[in-house]
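Asker: Please find one structure pasted underneath; my questions will follow.
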Amino acid sequence: MEVQGNLSEGTRGDYQLDQSVLLGTIASELDSPLVLLRQLSMALAADDIDPRERRQLTERLTLTSERALRLTRQLAFDPRSMPIIDLEPVNAVTLCQEVARELSPLFMAHGRSITVHPRSKTPLMIANRKLLQRLLVGLGDNALHYGSDDKPIQLTIQARADKMRIGVRDYGPAVPHDIWQRLDGRVARRAPVPLPRRPQTSGLGLIASRRIADLMGGVVGVTRHRDGATFYVDMRLSGQMSLL
Amino acid sequence: MSAHVLVIESEPWMGEHFEQTLRRAGFTAALTSNAYSAIDMIDESKPEVIVMGLLLSGAGGLGLLHELQSYSDTADIPIIVCTNAAAVFSRDELAPYGVRMVLDVGVMKPEELPAAVRSVLAT
C-alpha cells in the first residue's frame, strides 16, 4: 500500500527562510561534504598511496566538491534574483535524460546507477527548464545516499489528467509519514535536525525544492513505499497540442 | 596477529578512507554502511574494536549501540565513535553504551584513528 503526501498549495513565500536561518542551515548541510573533503585531501597527501588510489581520491575530491556546490546553490537560491520566471513547454523525457547524464559520474563513482524509466511519448509540460533540472538533480543527489546497492535510482515520468509527474524512486529506508509537518515545524523552530532514518540530510534541500517548484506553479511531494520512497514534482501539462 | 576492526559508516567514501587507514596501519578491517548488516557481521565474526559513526541510515547509531549493549557477548566490544557531531555527543554521555573514545572527524588526522584503536586495545 502506498501512502502519499504532498504540499498543499499555499501562497508563495509561506515557507521562506529568513537570511540568518538560511545561512545556518546551509552551514549545517555543508558540514558533511567539507569534513569528507578534508579527510580525502589528507589521504591524498600521504606518501604511500599508489597511482590508482591517487586517481580515485582526486576524482572523489572533485565529485564531493561539485556536490557541495550544487547543494549550496540550491539552498542559497533566491527567488528575488529571478523576478520573471520564463515558463516554456518542456519535454520531460529529454529533461530526465539530461538529469541522469549530469548525475551519472557521481553515481558511477559510488558504484550505483540512475536510469530514466522509459516512456517513448509524453505530452509536454510547462516549466522553466533550468530550474526544474536543478530541482531534479537535487532530488537525485539526495536519493543516491538511500538506495540499496543493487537497485538503480529511477527517474519516472507519468502523464496524468492535467499534470505531469516526474518522480525520483529510491529503495532506501522509509520516510516519516509526516515529513512535511516535521520540516515545516523545524523551520518554524529554526532548529535543523536530520530526518529520522535518513540522517544524511536535514531535509532543507526538500524545502528548497518546494520553493523552486512553487515558482513554476508545480508541487513537490513524496510517495512512501514499503521499500523506499518516490520524491516527485507535479507540473502542469502544456496545452499547445490542443491548438493544432 | 592483527586486531580485527569493524568500521560502520554510512558515508561510503569516508568509510573506505577509515578502512584503508586501518589496513595500512596493520589492522584487519571490514566495512559496512548500516546497523543491520553490522549486526550480521558481528554475529559472524566478533570484532575486537568497532569504529562507527552515529548518523547511520535505518536503525541509527544509537539504536545499534543499544542493541550491542543488550547482549553479553557484544556488550564488551570497545567502540570508537567518529562523528562530526562530537560537540553534541561527549565521551562521558556515550560511555554507558560501551563507547571508549569520541573522535571529531572535522579535526582529526588520519593517523589518529589507528592510534585510537591501539589505545583502546591496550586498556
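Labels used: A, B, ... for chains in the order of the C-alpha cells, numbers from 1 for residues in each chain, and numbers from 1 for ligands as shown.
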Using only C-alpha atoms, determine which residues lie at most 12 Å from B:Asp73, disregarding the query and same-chain residues fewer than 2 positions distant; provide the list as an MDAnalysis selection string.

Answerer: chainID B and resid 42:43 45:48 67:71 75:78

Asker: Run DSSP on the backbone and give me the residues of chain B it puts in alpha helix (DSSP H), as a PyMOL selection string.

Answerer: chain B and resi 12-24+35-44+61-69+91-94+112-122

Asker: Using only C-alpha atoms, which residue out of B:Leu22, B:Val107, B:Ile8, B:Ala116 lies closest to chain A?

Answerer: B:Val107

Asker: For chain B against chain A, with a cut-off of 12 Å and counting only C-alpha atoms, what is the closest atom pair and its distance in Å to one decimal for every residue that makes the cut, ordered by chain and number, as JSON lines?

Answerer:
{"residue": "B:Glu9", "atom": "CA", "partner": "A:Gln200", "partner_atom": "CA", "distance": 11.3}
{"residue": "B:Ser10", "atom": "CA", "partner": "A:Gln200", "partner_atom": "CA", "distance": 8.4}
{"residue": "B:Glu11", "atom": "CA", "partner": "A:His145", "partner_atom": "CA", "distance": 8.0}
{"residue": "B:Pro12", "atom": "CA", "partner": "A:His110", "partner_atom": "CA", "distance": 7.8}
{"residue": "B:Trp13", "atom": "CA", "partner": "A:Leu36", "partner_atom": "CA", "distance": 7.8}
{"residue": "B:Met14", "atom": "CA", "partner": "A:Leu36", "partner_atom": "CA", "distance": 6.3}
{"residue": "B:Gly15", "atom": "CA", "partner": "A:Leu36", "partner_atom": "CA", "distance": 10.1}
{"residue": "B:Glu16", "atom": "CA", "partner": "A:Leu40", "partner_atom": "CA", "distance": 10.2}
{"residue": "B:His17", "atom": "CA", "partner": "A:Leu40", "partner_atom": "CA", "distance": 7.4}
{"residue": "B:Phe18", "atom": "CA", "partner": "A:Gln39", "partner_atom": "CA", "distance": 9.4}
{"residue": "B:Glu19", "atom": "CA", "partner": "A:Ala43", "partner_atom": "CA", "distance": 11.9}
{"residue": "B:Gln20", "atom": "CA", "partner": "A:Ala43", "partner_atom": "CA", "distance": 9.5}
{"residue": "B:Thr21", "atom": "CA", "partner": "A:Ala43", "partner_atom": "CA", "distance": 8.4}
{"residue": "B:Arg24", "atom": "CA", "partner": "A:Asp48", "partner_atom": "CA", "distance": 9.0}
{"residue": "B:Ala25", "atom": "CA", "partner": "A:Asp48", "partner_atom": "CA", "distance": 11.5}
{"residue": "B:Thr32", "atom": "CA", "partner": "A:Asp149", "partner_atom": "CA", "distance": 12.0}
{"residue": "B:Ser33", "atom": "CA", "partner": "A:His145", "partner_atom": "CA", "distance": 10.6}
{"residue": "B:Asn34", "atom": "CA", "partner": "A:Arg197", "partner_atom": "CA", "distance": 10.6}
{"residue": "B:Ala35", "atom": "CA", "partner": "A:Arg197", "partner_atom": "CA", "distance": 11.0}
{"residue": "B:Tyr36", "atom": "CA", "partner": "A:Pro173", "partner_atom": "CA", "distance": 11.8}
{"residue": "B:Gly53", "atom": "CA", "partner": "A:Pro199", "partner_atom": "CA", "distance": 11.1}
{"residue": "B:Leu54", "atom": "CA", "partner": "A:Pro199", "partner_atom": "CA", "distance": 9.3}
{"residue": "B:Leu55", "atom": "CA", "partner": "A:Pro199", "partner_atom": "CA", "distance": 5.5}
{"residue": "B:Leu56", "atom": "CA", "partner": "A:Pro199", "partner_atom": "CA", "distance": 6.5}
{"residue": "B:Ser57", "atom": "CA", "partner": "A:Arg197", "partner_atom": "CA", "distance": 5.1}
{"residue": "B:Gly58", "atom": "CA", "partner": "A:Arg197", "partner_atom": "CA", "distance": 4.5}
{"residue": "B:Ala59", "atom": "CA", "partner": "A:Arg197", "partner_atom": "CA", "distance": 6.4}
{"residue": "B:Gly60", "atom": "CA", "partner": "A:Arg197", "partner_atom": "CA", "distance": 6.5}
{"residue": "B:Gly61", "atom": "CA", "partner": "A:Pro199", "partner_atom": "CA", "distance": 10.1}
{"residue": "B:Leu62", "atom": "CA", "partner": "A:Arg197", "partner_atom": "CA", "distance": 11.5}
{"residue": "B:Gly63", "atom": "CA", "partner": "A:Arg197", "partner_atom": "CA", "distance": 10.7}
{"residue": "B:Cys82", "atom": "CA", "partner": "A:Val35", "partner_atom": "CA", "distance": 11.5}
{"residue": "B:Thr83", "atom": "CA", "partner": "A:Val35", "partner_atom": "CA", "distance": 9.7}
{"residue": "B:Asn84", "atom": "CA", "partner": "A:Ser32", "partner_atom": "CA", "distance": 7.4}
{"residue": "B:Ala85", "atom": "CA", "partner": "A:Asp31", "partner_atom": "CA", "distance": 9.8}
{"residue": "B:Asp104", "atom": "CA", "partner": "A:Val35", "partner_atom": "CA", "distance": 9.7}
{"residue": "B:Val105", "atom": "CA", "partner": "A:Val35", "partner_atom": "CA", "distance": 6.6}
{"residue": "B:Gly106", "atom": "CA", "partner": "A:Val35", "partner_atom": "CA", "distance": 5.2}
{"residue": "B:Val107", "atom": "CA", "partner": "A:Val35", "partner_atom": "CA", "distance": 8.4}
{"residue": "B:Met108", "atom": "CA", "partner": "A:Gln39", "partner_atom": "CA", "distance": 8.4}
{"residue": "B:Lys109", "atom": "CA", "partner": "A:Met42", "partner_atom": "CA", "distance": 7.5}
{"residue": "B:Pro110", "atom": "CA", "partner": "A:Ala43", "partner_atom": "CA", "distance": 7.2}
{"residue": "B:Glu111", "atom": "CA", "partner": "A:Ala43", "partner_atom": "CA", "distance": 10.0}
{"residue": "B:Glu112", "atom": "CA", "partner": "A:Gln39", "partner_atom": "CA", "distance": 11.8}
{"residue": "B:Leu113", "atom": "CA", "partner": "A:Gln39", "partner_atom": "CA", "distance": 11.7}

Asker: Would you put the residues from that selection into a file with C-alpha atoms, as a PDB file, in the first residue's frame?

Answerer:
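Printed below is result19.pdb as written:
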ATOM      1  CA  GLU B   9      29.964   4.390   8.428  1.00  0.00           C
ATOM      2  CA  SER B  10      27.061   5.461   6.225  1.00  0.00           C
ATOM      3  CA  GLU B  11      29.119   7.856   4.074  1.00  0.00           C
ATOM      4  CA  PRO B  12      30.779   5.260   1.805  1.00  0.00           C
ATOM      5  CA  TRP B  13      33.902   7.242   0.891  1.00  0.00           C
ATOM      6  CA  MET B  14      34.544   8.194   4.493  1.00  0.00           C
ATOM      7  CA  GLY B  15      34.101   4.541   5.482  1.00  0.00           C
ATOM      8  CA  GLU B  16      36.569   3.381   2.810  1.00  0.00           C
ATOM      9  CA  HIS B  17      39.038   6.013   3.981  1.00  0.00           C
ATOM     10  CA  PHE B  18      38.821   4.714   7.575  1.00  0.00           C
ATOM     11  CA  GLU B  19      39.119   1.115   6.378  1.00  0.00           C
ATOM     12  CA  GLN B  20      42.200   1.871   4.241  1.00  0.00           C
ATOM     13  CA  THR B  21      43.828   3.870   7.037  1.00  0.00           C
ATOM     14  CA  ARG B  24      47.754   0.480   6.260  1.00  0.00           C
ATOM     15  CA  ALA B  25      48.373   0.559   9.996  1.00  0.00           C
ATOM     16  CA  THR B  32      29.650  -1.821   6.418  1.00  0.00           C
ATOM     17  CA  SER B  33      27.301   1.103   5.956  1.00  0.00           C
ATOM     18  CA  ASN B  34      24.349   0.344   8.209  1.00  0.00           C
ATOM     19  CA  ALA B  35      23.347  -1.064  11.572  1.00  0.00           C
ATOM     20  CA  TYR B  36      21.505  -4.133  10.265  1.00  0.00           C
ATOM     21  CA  GLY B  53      29.556   6.976  13.030  1.00  0.00           C
ATOM     22  CA  LEU B  54      26.375   7.921  14.853  1.00  0.00           C
ATOM     23  CA  LEU B  55      24.278   9.173  11.961  1.00  0.00           C
ATOM     24  CA  LEU B  56      23.605   5.840  10.273  1.00  0.00           C
ATOM     25  CA  SER B  57      20.740   5.151   7.874  1.00  0.00           C
ATOM     26  CA  GLY B  58      17.957   2.886   9.092  1.00  0.00           C
ATOM     27  CA  ALA B  59      18.216   1.933  12.747  1.00  0.00           C
ATOM     28  CA  GLY B  60      20.736   4.692  13.513  1.00  0.00           C
ATOM     29  CA  GLY B  61      23.937   4.656  15.535  1.00  0.00           C
ATOM     30  CA  LEU B  62      22.296   4.981  18.944  1.00  0.00           C
ATOM     31  CA  GLY B  63      19.957   2.091  18.104  1.00  0.00           C
ATOM     32  CA  CYS B  82      33.946   9.025  14.662  1.00  0.00           C
ATOM     33  CA  THR B  83      31.479  11.841  14.142  1.00  0.00           C
ATOM     34  CA  ASN B  84      31.155  15.419  13.033  1.00  0.00           C
ATOM     35  CA  ALA B  85      28.715  15.843  15.927  1.00  0.00           C
ATOM     36  CA  ASP B 104      35.769  14.573  15.793  1.00  0.00           C
ATOM     37  CA  VAL B 105      36.200  13.857  12.052  1.00  0.00           C
ATOM     38  CA  GLY B 106      36.248  17.590  11.412  1.00  0.00           C
ATOM     39  CA  VAL B 107      39.582  17.979  13.158  1.00  0.00           C
ATOM     40  CA  MET B 108      41.137  14.516  13.424  1.00  0.00           C
ATOM     41  CA  LYS B 109      44.121  13.470  11.319  1.00  0.00           C
ATOM     42  CA  PRO B 110      44.191  10.048   9.615  1.00  0.00           C
ATOM     43  CA  GLU B 111      46.940   8.716  11.915  1.00  0.00           C
ATOM     44  CA  GLU B 112      44.761   9.413  14.961  1.00  0.00           C
ATOM     45  CA  LEU B 113      42.376   6.599  14.066  1.00  0.00           C
TER      46      LEU B 113
END

Asker: Taking only stretch 39-82 of chain B into account, list the residues labelled strand (DSSP E) by DSSP (computed from the backbone), as a list in words.

Answerer: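 For stretch 39-82 of chain B, the strand (DSSP E) set is Val49, Ile50, Val51, Met52, Ile79, Ile80, Val81 and Cys82 of chain B.
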
Asker: Would you export the selected residues with N, CA and C atoms as a short mmCIF file (atom, residue, chain, number, x, y, z; two decimals), in the first residue's frame, please?

Answerer:
data_model
loop_
_atom_site.label_atom_id
_atom_site.label_comp_id
_atom_site.auth_asym_id
_atom_site.auth_seq_id
_atom_site.Cartn_x
_atom_site.Cartn_y
_atom_site.Cartn_z
N VAL B 49 37.45 -4.37 17.98
CA VAL B 49 37.10 -2.95 18.14
C VAL B 49 36.08 -2.58 17.06
N ILE B 50 35.15 -1.71 17.42
CA ILE B 50 34.22 -1.16 16.42
C ILE B 50 34.50 0.34 16.29
N VAL B 51 34.63 0.78 15.03
CA VAL B 51 34.76 2.21 14.72
C VAL B 51 33.48 2.59 14.00
N MET B 52 32.74 3.53 14.52
CA MET B 52 31.43 3.81 13.89
C MET B 52 31.03 5.28 13.95
N ILE B 79 34.19 0.50 21.64
CA ILE B 79 33.68 1.25 20.48
C ILE B 79 34.34 2.63 20.42
N ILE B 80 34.76 2.99 19.21
CA ILE B 80 35.27 4.34 18.96
C ILE B 80 34.29 5.02 18.02
N VAL B 81 33.75 6.14 18.44
CA VAL B 81 32.80 6.87 17.60
C VAL B 81 33.56 7.95 16.83
N CYS B 82 33.38 7.97 15.52
CA CYS B 82 33.95 9.02 14.66
C CYS B 82 32.78 9.84 14.12
#

Asker: From the list A:Arg129, A:Arg52, A:Arg112, A:Arg165, which residue is nearest A:Asp150 when using only C-alpha atoms?

Answerer: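 Ranking A:Arg129, A:Arg52, A:Arg112, A:Arg165 by distance to A:Asp150, first place goes to A:Arg112.
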
Asker: I want to know what sits within 8 Å of A:Ala159, based on only C-alpha atoms, with residues of the same chain fewer than 3 positions away left out; could you give that as an NGL selection string?

Answerer: :A and (122-123 or 162-165)

Asker: Using atom CA of A:Arg169 and atom CA of A:Leu95 as the two end points, give the distance in Å to one decimal.

Answerer: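 Answer for the atom CA of A:Arg169 to atom CA of A:Leu95 separation: 16.3 Å.
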
Asker: In Å to one decimal, how far is atom CA of A:Ala100 from atom CA of A:Lys151?

Answerer: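 It comes out at 15.1 Å.
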
Asker: Calculated over only C-alpha atoms, which of the candidates A:Leu155, A:Leu87, A:Leu71, A:Leu124 has the smallest distance to A:Ala213?

Answerer: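 The answer is A:Leu87, which sits nearest to A:Ala213.
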
Asker: Which residue out of A:Gly205, A:Gly239, A:Gly217, A:Pro89 has the minimum interatomic distance to A:Met125 when only C-alpha atoms are used?

Answerer: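 Nearest to A:Met125: A:Pro89.
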
Asker: Could you tell me how far atom CA of A:Leu136 sits from atom CA of A:Val93, in Å to one decimal place?

Answerer: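 Atom-to-atom, atom CA of A:Val93 to atom CA of A:Leu136, that is 12.5 Å.
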
Asker: I'd like the neighbourhood of A:Arg210 as a PyMOL selection string, where a residue qualifies if any of its atoms comes within 9 Å (using only C-alpha atoms), though same-chain residues fewer than 4 positions away should be ignored.

Answerer: chain A and resi 7+15+135+205-206+214-215+218-221+233
